[in-house]
Amino acid sequence: MKDKKSWAEPYKIKMVELLKMTTKEEREKALVEAGYNTFLLRSKDVYIDLLTDSGTSAMSDRQWAGMMLGDEAYAGSENFYHLEEVIRKYYGYKYVVPTHQGRGAENIISKIMIKPGDVIPGNMYFTTTRLHQELAGGTFEDIIIDEAHDSQSLHPFKGNIDLKKLEQIIKKYGADKIPYVSMATSVNMAGGQPISMQNLRDLRKLTNKYKIKIIHDMTRVAENAYFIQVREKGYKNIPIKAIVKEICSLTDGATMSAKKDALVNIGGFLALNDKSLYEEASNMVVIYAGLHTYGGLAGRDMEAMAIGITESVDDNHIRARVGQVEYLGNKLVEAGIPIVLPIGGHGIFLDAKKFLPHLKQIQFPAQALAAEIYLDSGVRTMERGIVSAGRNKETGENYFPELELVRLTIPRRVYTQAHMDVIAESVISVYKNRKKIKGLEMTYEPKYLRFFQAKFNKS
Ligand code: PLI
């Protein structure tokens, strides 16, 4: 169906979940109780939930049927072997340690590979990934290309790594201080922006020269593969499956939050090619999560993940998934709303600095904008700016990231085109009244990953 222009969903709806509509008064009360943090709203008070694409996918009938085949053995569950087989088949990694979600895998890889004083270069930080690197005694260094920090740059691969920046870091610290390069496909904090195959090949060449490993954050690898298929020379007729496998083949291991691409509500894994690293990881998972054949998951969860991975690399699925995101993005662009361009894979990112130029970054413009959109329509979005960036671990100062964004994250296979229209209408109406939007001040700040639990007041 690739020749067809429409991105229509390659599935039909068999079961629905009713949504609740709320009044503006109800939303105002809920927002105050949540301290203007959309993470602290109760989901019953939300109409369309764009907080995240993590664990929010609709599973297929096959996945649900697979859950009935859960082999809930403490050791050696059949579902683990199915999952391992699927990961080998579609991603090509040799060894698999299941984890309850992505950060479980990040914890293990950071603990076994990072020593205090190490440096971990990566294509833009991700909140949990960087925190685990820091807790293991490492320091994250951003080596993404400069274009990634500019919301209006139309570079087709804003997730690319600047190899000159990487080489400078290697020269400065020495290769023995760099346990691995942390390479994400579909860079979340940059707006779901892809890395190109060519850049990855060049990265492989450079890291081989210095004997540095590449650990792949493959949370949204299929979405990245889609952009390679439509934007990179030579890939137009290559199936998503083959592109995904080629990406993985250029890396040494991966952490996966299966709650995104892999279409499950819970689950993740660490995948490795090196046997001795795998042995360490499978020993470590026993301490923190459970035996190495379940890693904190039920057998049924692993079965749903195995089937979800198979569905996630289907060309028609991924085309409709990104097509829906682009549909919403194009509506906002037509209305003159400032968003991160090009439109990314898993959501639309509003540029809050451009949306609310009258607010200083320390007044948390993206946080304020997310609150305002919820107030307007019950659509829940989230901040990806100064609150998410947190503080420098040495100086305690706030990071002031270039990108101050509100993320409208689209869950997979959940909402319809009409929902996209409602979302666009709400953002457009908030944009019309943007001058009246006030900033916020933080009244409660937790020590780690503050964006999840911080509270605010109107400033
Ligand atoms: O939420 P986890 O622990 O399953 O996965 C952590 C994680 C790792 N890498 C990347 C790129 C992510 O996006 C990610 C989680 N992201 C969330 C929760 C999100 O809302 O984007």
# chains A, B, ... in the order shown; residues from 1 in each chain; ligands from 1

call {"tool": "residues_around", "arguments": {"residues": "Asp421 of chain A", "least_positions_apart": "4", "cutoff": "12 Å", "atoms": "only C-alpha atoms", "output": "short mmCIF file (atom, residue, chain, number, x, y, z; two decimals) with C-alpha atoms, in the first residue's frame"}}
result
data_model
loop_
_atom_site.label_atom_id
_atom_site.label_comp_id
_atom_site.auth_asym_id
_atom_site.auth_seq_id
_atom_site.Cartn_x
_atom_site.Cartn_y
_atom_site.Cartn_z
CA ILE A 48 -7.05 13.22 25.33
CA GLN A 324 -0.78 10.42 12.12
CA VAL A 325 1.88 12.48 13.89
CA TYR A 327 -1.13 14.98 10.10
CA LEU A 328 -1.35 16.82 13.42
CA GLY A 329 1.95 18.61 12.87
CA ASN A 330 0.94 19.88 9.45
CA LYS A 331 -2.31 21.28 10.85
CA LEU A 332 -0.35 23.28 13.41
CA VAL A 379 -5.68 17.61 26.46
CA TYR A 415 -6.59 8.05 18.94
CA THR A 416 -8.38 8.88 15.69
CA GLN A 417 -7.94 11.58 13.10
CA GLU A 425 -8.19 23.33 17.58
CA SER A 426 -7.18 23.60 21.23
CA VAL A 427 -3.55 24.52 20.54
CA ILE A 428 -4.68 27.11 17.99
#

call {"tool": "residues_around", "arguments": {"residues": "Gly102 of chain A", "least_positions_apart": "5", "cutoff": "8 Å", "atoms": "only C-alpha atoms", "output": "PDB file with N, CA, C and O atoms, in the first residue's frame"}}
result
ATOM      1  N   THR A 219      14.788   2.574  21.883  1.00  0.00           N
ATOM      2  CA  THR A 219      13.396   2.745  22.280  1.00  0.00           C
ATOM      3  C   THR A 219      12.451   3.029  21.105  1.00  0.00           C
ATOM      4  O   THR A 219      11.330   2.550  21.070  1.00  0.00           O
ATOM      5  N   THR A 255      19.741  -0.739  24.949  1.00  0.00           N
ATOM      6  CA  THR A 255      18.726  -0.695  25.993  1.00  0.00           C
ATOM      7  C   THR A 255      17.400  -0.394  25.298  1.00  0.00           C
ATOM      8  O   THR A 255      17.356   0.379  24.342  1.00  0.00           O
ATOM      9  N   MET A 256      16.359  -1.030  25.761  1.00  0.00           N
ATOM     10  CA  MET A 256      15.065  -0.850  25.102  1.00  0.00           C
ATOM     11  C   MET A 256      13.958  -0.627  26.121  1.00  0.00           C
ATOM     12  O   MET A 256      13.806  -1.424  27.058  1.00  0.00           O
ATOM     13  N   SER A 257      13.218   0.448  25.928  1.00  0.00           N
ATOM     14  CA  SER A 257      11.953   0.589  26.623  1.00  0.00           C
ATOM     15  C   SER A 257      10.894   0.088  25.651  1.00  0.00           C
ATOM     16  O   SER A 257      10.511   0.804  24.721  1.00  0.00           O
ATOM     17  N   ALA A 258      10.446  -1.133  25.836  1.00  0.00           N
ATOM     18  CA  ALA A 258       9.484  -1.735  24.899  1.00  0.00           C
ATOM     19  C   ALA A 258       8.111  -1.079  24.983  1.00  0.00           C
ATOM     20  O   ALA A 258       7.216  -1.363  24.191  1.00  0.00           O
ATOM     21  N   GLY A 267       7.455  -3.265  29.991  1.00  0.00           N
ATOM     22  CA  GLY A 267       8.518  -4.171  29.541  1.00  0.00           C
ATOM     23  C   GLY A 267       9.689  -3.452  28.912  1.00  0.00           C
ATOM     24  O   GLY A 267       9.578  -2.297  28.470  1.00  0.00           O
ATOM     25  N   GLY A 268      10.810  -4.132  28.899  1.00  0.00           N
ATOM     26  CA  GLY A 268      12.023  -3.611  28.279  1.00  0.00           C
ATOM     27  C   GLY A 268      13.069  -4.699  28.264  1.00  0.00           C
ATOM     28  O   GLY A 268      12.793  -5.838  28.667  1.00  0.00           O
ATOM     29  N   PHE A 269      14.247  -4.376  27.794  1.00  0.00           N
ATOM     30  CA  PHE A 269      15.337  -5.354  27.851  1.00  0.00           C
ATOM     31  C   PHE A 269      16.669  -4.674  27.611  1.00  0.00           C
ATOM     32  O   PHE A 269      16.733  -3.555  27.107  1.00  0.00           O
TER      33      PHE A 269
END

call {"tool": "residues_near_ligand", "arguments": {"ligand": "ligand 1", "cutoff": "8 Å", "atoms": "only C-alpha atoms and all ligand atoms", "output": "PyMOL selection string"}}
result
chain A and resi 51-55+100-104+106+126-129+184-189+217-220+255-260+266-268+409

call {"tool": "write_last_selection", "arguments": {"atoms": "N, CA, C and O atoms", "output": "compact mmCIF listing (two decimals), in the first residue's frame"}}
result
# COMPACT_ATOMS: atom_id res chain seq x y z
N LEU A 51 0.43 12.86 27.23
CA LEU A 51 1.55 13.00 28.16
C LEU A 51 2.76 12.24 27.62
O LEU A 51 3.88 12.72 27.65
N THR A 52 2.51 11.05 27.16
CA THR A 52 3.61 10.21 26.68
C THR A 52 3.11 9.13 25.73
O THR A 52 1.91 8.81 25.72
N ASP A 53 4.05 8.60 24.97
CA ASP A 53 3.76 7.44 24.12
C ASP A 53 4.30 6.18 24.80
O ASP A 53 4.47 5.15 24.17
N SER A 54 4.59 6.29 26.10
CA SER A 54 5.25 5.20 26.82
C SER A 54 4.23 4.35 27.57
O SER A 54 3.60 4.83 28.52
N GLY A 55 4.06 3.13 27.15
CA GLY A 55 3.15 2.21 27.84
C GLY A 55 1.69 2.54 27.55
O GLY A 55 0.79 2.00 28.19
N HIS A 100 12.11 -4.66 33.59
CA HIS A 100 10.71 -4.23 33.72
C HIS A 100 10.40 -3.07 32.79
O HIS A 100 9.29 -2.93 32.31
N GLN A 101 11.38 -2.20 32.51
CA GLN A 101 11.22 -1.17 31.48
C GLN A 101 12.59 -0.65 31.10
O GLN A 101 13.61 -1.20 31.53
N GLY A 102 12.65 0.43 30.32
CA GLY A 102 13.94 0.89 29.80
C GLY A 102 14.95 1.24 30.87
O GLY A 102 16.13 0.87 30.78
N ARG A 103 14.51 1.94 31.91
CA ARG A 103 15.48 2.40 32.91
C ARG A 103 16.09 1.26 33.71
O ARG A 103 17.18 1.41 34.25
N GLY A 104 15.41 0.12 33.75
CA GLY A 104 15.99 -1.07 34.38
C GLY A 104 17.23 -1.51 33.59
O GLY A 104 18.26 -1.86 34.17
N GLU A 106 18.96 0.51 31.64
CA GLU A 106 19.95 1.61 31.78
C GLU A 106 20.73 1.47 33.08
O GLU A 106 21.94 1.71 33.12
N PHE A 126 19.03 11.91 27.54
CA PHE A 126 17.67 11.60 27.94
C PHE A 126 17.67 11.53 29.46
O PHE A 126 18.64 11.07 30.07
N THR A 127 16.58 11.97 30.07
CA THR A 127 16.52 12.16 31.53
C THR A 127 17.00 10.94 32.33
O THR A 127 17.96 11.02 33.09
N THR A 128 16.36 9.79 32.13
CA THR A 128 16.71 8.62 32.95
C THR A 128 18.08 8.07 32.55
O THR A 128 18.84 7.61 33.41
N THR A 129 18.39 8.12 31.26
CA THR A 129 19.67 7.59 30.77
C THR A 129 20.82 8.34 31.42
O THR A 129 21.75 7.75 31.98
N ALA A 184 21.26 7.22 20.59
CA ALA A 184 19.81 6.98 20.53
C ALA A 184 19.33 7.10 19.10
O ALA A 184 19.77 7.99 18.35
N THR A 185 18.44 6.20 18.71
CA THR A 185 17.70 6.40 17.47
C THR A 185 16.45 7.20 17.83
O THR A 185 15.94 7.08 18.96
N SER A 186 15.96 8.03 16.91
CA SER A 186 14.78 8.88 17.15
C SER A 186 14.96 9.67 18.45
O SER A 186 14.34 9.37 19.46
N VAL A 187 15.81 10.69 18.39
CA VAL A 187 16.23 11.37 19.63
C VAL A 187 15.05 12.12 20.26
O VAL A 187 14.53 13.10 19.72
N ASN A 188 14.65 11.61 21.40
CA ASN A 188 13.44 12.08 22.07
C ASN A 188 13.48 13.58 22.37
O ASN A 188 12.60 14.34 21.96
N MET A 189 14.54 14.02 23.11
CA MET A 189 14.57 15.40 23.58
C MET A 189 14.80 16.41 22.45
O MET A 189 14.61 17.60 22.64
N ASP A 217 20.32 3.25 22.37
CA ASP A 217 19.01 3.40 22.98
C ASP A 217 18.00 3.21 21.86
O ASP A 217 17.75 4.11 21.06
N MET A 218 17.44 1.98 21.78
CA MET A 218 16.62 1.61 20.62
C MET A 218 15.12 1.73 20.89
O MET A 218 14.30 1.14 20.18
N THR A 219 14.79 2.57 21.88
CA THR A 219 13.40 2.74 22.28
C THR A 219 12.45 3.03 21.10
O THR A 219 11.33 2.55 21.07
N ARG A 220 12.91 3.84 20.14
CA ARG A 220 12.05 4.18 19.00
C ARG A 220 12.78 3.91 17.67
O ARG A 220 12.76 4.72 16.75
N THR A 255 19.74 -0.74 24.95
CA THR A 255 18.73 -0.70 25.99
C THR A 255 17.40 -0.39 25.30
O THR A 255 17.36 0.38 24.34
N MET A 256 16.36 -1.03 25.76
CA MET A 256 15.07 -0.85 25.10
C MET A 256 13.96 -0.63 26.12
O MET A 256 13.81 -1.42 27.06
N SER A 257 13.22 0.45 25.93
CA SER A 257 11.95 0.59 26.62
C SER A 257 10.89 0.09 25.65
O SER A 257 10.51 0.80 24.72
N ALA A 258 10.45 -1.13 25.84
CA ALA A 258 9.48 -1.73 24.90
C ALA A 258 8.11 -1.08 24.98
O ALA A 258 7.22 -1.36 24.19
N LYS A 259 7.97 -0.15 25.96
CA LYS A 259 6.70 0.56 26.14
C LYS A 259 6.41 1.54 25.01
O LYS A 259 5.34 2.12 24.95
N LYS A 260 7.41 1.76 24.15
CA LYS A 260 7.18 2.69 23.03
C LYS A 260 7.01 1.89 21.74
O LYS A 260 5.95 1.33 21.51
N ILE A 266 4.01 -2.54 29.41
CA ILE A 266 5.14 -2.62 30.34
C ILE A 266 6.20 -3.56 29.73
O ILE A 266 5.84 -4.52 29.05
N GLY A 267 7.45 -3.27 29.99
CA GLY A 267 8.52 -4.17 29.54
C GLY A 267 9.69 -3.45 28.91
O GLY A 267 9.58 -2.30 28.47
N GLY A 268 10.81 -4.13 28.90
CA GLY A 268 12.02 -3.61 28.28
C GLY A 268 13.07 -4.70 28.26
O GLY A 268 12.79 -5.84 28.67
N THR A 409 2.63 14.04 22.72
CA THR A 409 3.10 12.71 22.34
C THR A 409 1.91 11.85 21.93
O THR A 409 0.92 11.76 22.67

call {"tool": "closest_residue", "arguments": {"among": "A:Asp162, A:Glu85, A:Asp118, A:Asp376", "to": "Asp146 of chain A", "atoms": "only C-alpha atoms"}}
result
A:Asp162

call {"tool": "select_by_dssp", "arguments": {"residues": "segment 101-225 of chain A", "states": "strand (DSSP E)", "output": "ChimeraX atom specification"}}
result
/A:119-122,139-142,180-184,213-217

call {"tool": "write_last_selection", "arguments": {"atoms": "all heavy atoms", "output": "compact mmCIF listing (two decimals), in the first residue's frame"}}
result
# COMPACT_ATOMS: atom_id res chain seq x y z
N VAL A 119 33.50 9.25 31.05
CA VAL A 119 32.72 10.21 30.27
C VAL A 119 31.90 9.42 29.25
O VAL A 119 32.42 8.51 28.61
CB VAL A 119 33.68 11.18 29.54
CG1 VAL A 119 32.92 12.09 28.58
CG2 VAL A 119 34.45 12.01 30.55
N ILE A 120 30.61 9.78 29.13
CA ILE A 120 29.75 9.07 28.18
C ILE A 120 29.20 10.07 27.17
O ILE A 120 28.29 10.83 27.47
CB ILE A 120 28.58 8.33 28.89
CG1 ILE A 120 29.13 7.41 29.98
CG2 ILE A 120 27.77 7.50 27.89
CD1 ILE A 120 29.21 8.04 31.32
N PRO A 121 29.77 10.08 25.96
CA PRO A 121 29.24 10.98 24.94
C PRO A 121 27.94 10.41 24.37
O PRO A 121 27.81 9.19 24.24
CB PRO A 121 30.33 10.99 23.86
CG PRO A 121 31.47 10.17 24.40
CD PRO A 121 30.93 9.30 25.47
N GLY A 122 27.01 11.30 24.03
CA GLY A 122 25.75 10.81 23.47
C GLY A 122 25.06 11.87 22.62
O GLY A 122 25.35 13.07 22.73
N THR A 139 30.02 11.14 33.57
CA THR A 139 29.53 12.45 33.15
C THR A 139 29.10 12.35 31.70
O THR A 139 29.83 11.82 30.87
CB THR A 139 30.65 13.52 33.27
OG1 THR A 139 31.11 13.50 34.62
CG2 THR A 139 30.15 14.91 32.92
N PHE A 140 27.92 12.88 31.42
CA PHE A 140 27.40 12.85 30.05
C PHE A 140 27.94 14.04 29.26
O PHE A 140 28.02 15.15 29.78
CB PHE A 140 25.86 12.90 30.08
CG PHE A 140 25.25 13.03 28.72
CD1 PHE A 140 25.10 11.91 27.92
CD2 PHE A 140 24.87 14.27 28.22
CE1 PHE A 140 24.56 12.02 26.64
CE2 PHE A 140 24.32 14.38 26.95
CZ PHE A 140 24.18 13.26 26.16
N GLU A 141 28.33 13.82 28.01
CA GLU A 141 28.76 14.93 27.13
C GLU A 141 27.91 14.88 25.86
O GLU A 141 27.86 13.85 25.18
CB GLU A 141 30.24 14.77 26.74
CG GLU A 141 31.21 15.02 27.87
CD GLU A 141 31.69 16.47 27.94
OE1 GLU A 141 31.24 17.30 27.11
OE2 GLU A 141 32.50 16.76 28.83
N ASP A 142 27.29 16.00 25.54
CA ASP A 142 26.41 16.06 24.37
C ASP A 142 27.22 16.21 23.08
O ASP A 142 28.00 17.15 22.95
CB ASP A 142 25.45 17.27 24.53
CG ASP A 142 24.35 17.24 23.48
OD1 ASP A 142 24.25 16.24 22.73
OD2 ASP A 142 23.58 18.22 23.43
N TYR A 180 31.58 3.75 26.47
CA TYR A 180 30.79 3.58 25.24
C TYR A 180 30.20 4.93 24.81
O TYR A 180 30.15 5.87 25.61
CB TYR A 180 29.65 2.56 25.43
CG TYR A 180 28.66 2.86 26.54
CD1 TYR A 180 27.52 3.63 26.33
CD2 TYR A 180 28.85 2.33 27.83
CE1 TYR A 180 26.61 3.89 27.35
CE2 TYR A 180 27.95 2.58 28.86
CZ TYR A 180 26.83 3.37 28.60
OH TYR A 180 25.93 3.62 29.63
N VAL A 181 29.78 4.97 23.56
CA VAL A 181 29.00 6.11 23.08
C VAL A 181 27.54 5.72 23.23
O VAL A 181 27.13 4.62 22.86
CB VAL A 181 29.32 6.44 21.60
CG1 VAL A 181 28.36 7.48 21.05
CG2 VAL A 181 30.76 6.91 21.45
N SER A 182 26.75 6.62 23.82
CA SER A 182 25.34 6.38 24.03
C SER A 182 24.59 6.96 22.82
O SER A 182 24.44 8.16 22.70
CB SER A 182 24.97 7.11 25.33
OG SER A 182 23.66 6.92 25.68
N MET A 183 24.18 6.07 21.93
CA MET A 183 23.58 6.52 20.66
C MET A 183 22.09 6.18 20.63
O MET A 183 21.72 5.01 20.68
CB MET A 183 24.31 5.83 19.50
CG MET A 183 23.91 6.26 18.11
SD MET A 183 22.35 5.59 17.49
CE MET A 183 22.68 3.84 17.44
N ALA A 184 21.26 7.22 20.59
CA ALA A 184 19.81 6.98 20.53
C ALA A 184 19.33 7.10 19.10
O ALA A 184 19.77 7.99 18.35
CB ALA A 184 19.09 8.00 21.40
N LYS A 213 32.89 1.11 22.44
CA LYS A 213 31.63 0.44 22.10
C LYS A 213 30.52 1.47 21.81
O LYS A 213 30.61 2.62 22.25
CB LYS A 213 31.20 -0.45 23.25
CG LYS A 213 32.05 -1.72 23.38
CD LYS A 213 31.35 -2.68 24.32
CE LYS A 213 31.85 -4.09 24.28
NZ LYS A 213 33.12 -4.46 23.81
N ILE A 214 29.49 1.01 21.12
CA ILE A 214 28.29 1.84 20.93
C ILE A 214 27.12 1.12 21.60
O ILE A 214 26.83 -0.04 21.26
CB ILE A 214 27.95 2.04 19.44
CG1 ILE A 214 29.12 2.67 18.68
CG2 ILE A 214 26.67 2.88 19.28
CD1 ILE A 214 28.88 2.77 17.15
N ILE A 215 26.50 1.80 22.55
CA ILE A 215 25.28 1.24 23.16
C ILE A 215 24.10 2.06 22.63
O ILE A 215 24.07 3.29 22.75
CB ILE A 215 25.35 1.26 24.71
CG1 ILE A 215 26.50 0.37 25.21
CG2 ILE A 215 24.01 0.82 25.31
CD1 ILE A 215 26.37 -1.12 24.92
N HIS A 216 23.16 1.34 22.08
CA HIS A 216 22.07 1.92 21.30
C HIS A 216 20.82 2.04 22.19
O HIS A 216 20.34 1.03 22.71
CB HIS A 216 21.85 0.94 20.13
CG HIS A 216 20.68 1.20 19.26
ND1 HIS A 216 20.16 0.23 18.42
CD2 HIS A 216 19.92 2.30 19.06
CE1 HIS A 216 19.15 0.72 17.74
NE2 HIS A 216 18.97 1.98 18.12
N ASP A 217 20.32 3.25 22.37
CA ASP A 217 19.01 3.40 22.98
C ASP A 217 18.00 3.21 21.86
O ASP A 217 17.75 4.11 21.06
CB ASP A 217 18.86 4.78 23.64
CG ASP A 217 17.51 4.93 24.33
OD1 ASP A 217 16.58 4.15 24.00
OD2 ASP A 217 17.36 5.82 25.18

call {"tool": "closest_residue", "arguments": {"among": "A:Ser459, A:Glu279, A:Glu167, A:Arg62", "to": "Ile108 of chain A", "atoms": "only C-alpha atoms"}}
result
A:Glu279

call {"tool": "residues_around", "arguments": {"residues": "Asp71 of chain A", "least_positions_apart": "2", "cutoff": "10 Å", "atoms": "only C-alpha atoms", "output": "ChimeraX atom specification"}}
result
/A:67-69,73-80,298-303

call {"tool": "closest_residue", "arguments": {"among": "A:Ser57, A:Asn123, A:Thr207, A:Ser196", "to": "Ala175 of chain A", "atoms": "only C-alpha atoms"}}
result
A:Thr207

call {"tool": "residues_around", "arguments": {"residues": "Leu154 of chain A", "least_positions_apart": "4", "cutoff": "9 Å", "atoms": "only C-alpha atoms", "output": "list of chain:residue names"}}
result
A:Glu147, A:Lys158, A:Leu341, A:Pro342

call {"tool": "write_last_selection", "arguments": {"atoms": "N, CA, C and O atoms", "output": "mmCIF file, in the first residue's frame"}}
result
data_model
loop_
_atom_site.group_PDB
_atom_site.id
_atom_site.type_symbol
_atom_site.label_atom_id
_atom_site.label_comp_id
_atom_site.auth_asym_id
_atom_site.auth_seq_id
_atom_site.Cartn_x
_atom_site.Cartn_y
_atom_site.Cartn_z
ATOM 1 N N GLU A 147 22.534 21.603 14.812
ATOM 2 C CA GLU A 147 21.184 21.820 14.255
ATOM 3 C C GLU A 147 20.087 21.261 15.162
ATOM 4 O O GLU A 147 18.951 21.737 15.150
ATOM 5 N N LYS A 158 18.436 15.346 12.327
ATOM 6 C CA LYS A 158 18.883 16.163 13.466
ATOM 7 C C LYS A 158 19.335 15.314 14.652
ATOM 8 O O LYS A 158 19.794 15.841 15.652
ATOM 9 N N LEU A 341 10.763 21.487 13.821
ATOM 10 C CA LEU A 341 10.763 20.977 12.444
ATOM 11 C C LEU A 341 12.068 20.236 12.199
ATOM 12 O O LEU A 341 13.069 20.588 12.814
ATOM 13 N N PRO A 342 12.105 19.291 11.298
ATOM 14 C CA PRO A 342 10.969 18.628 10.673
ATOM 15 C C PRO A 342 10.123 17.897 11.741
ATOM 16 O O PRO A 342 10.617 17.640 12.839
#
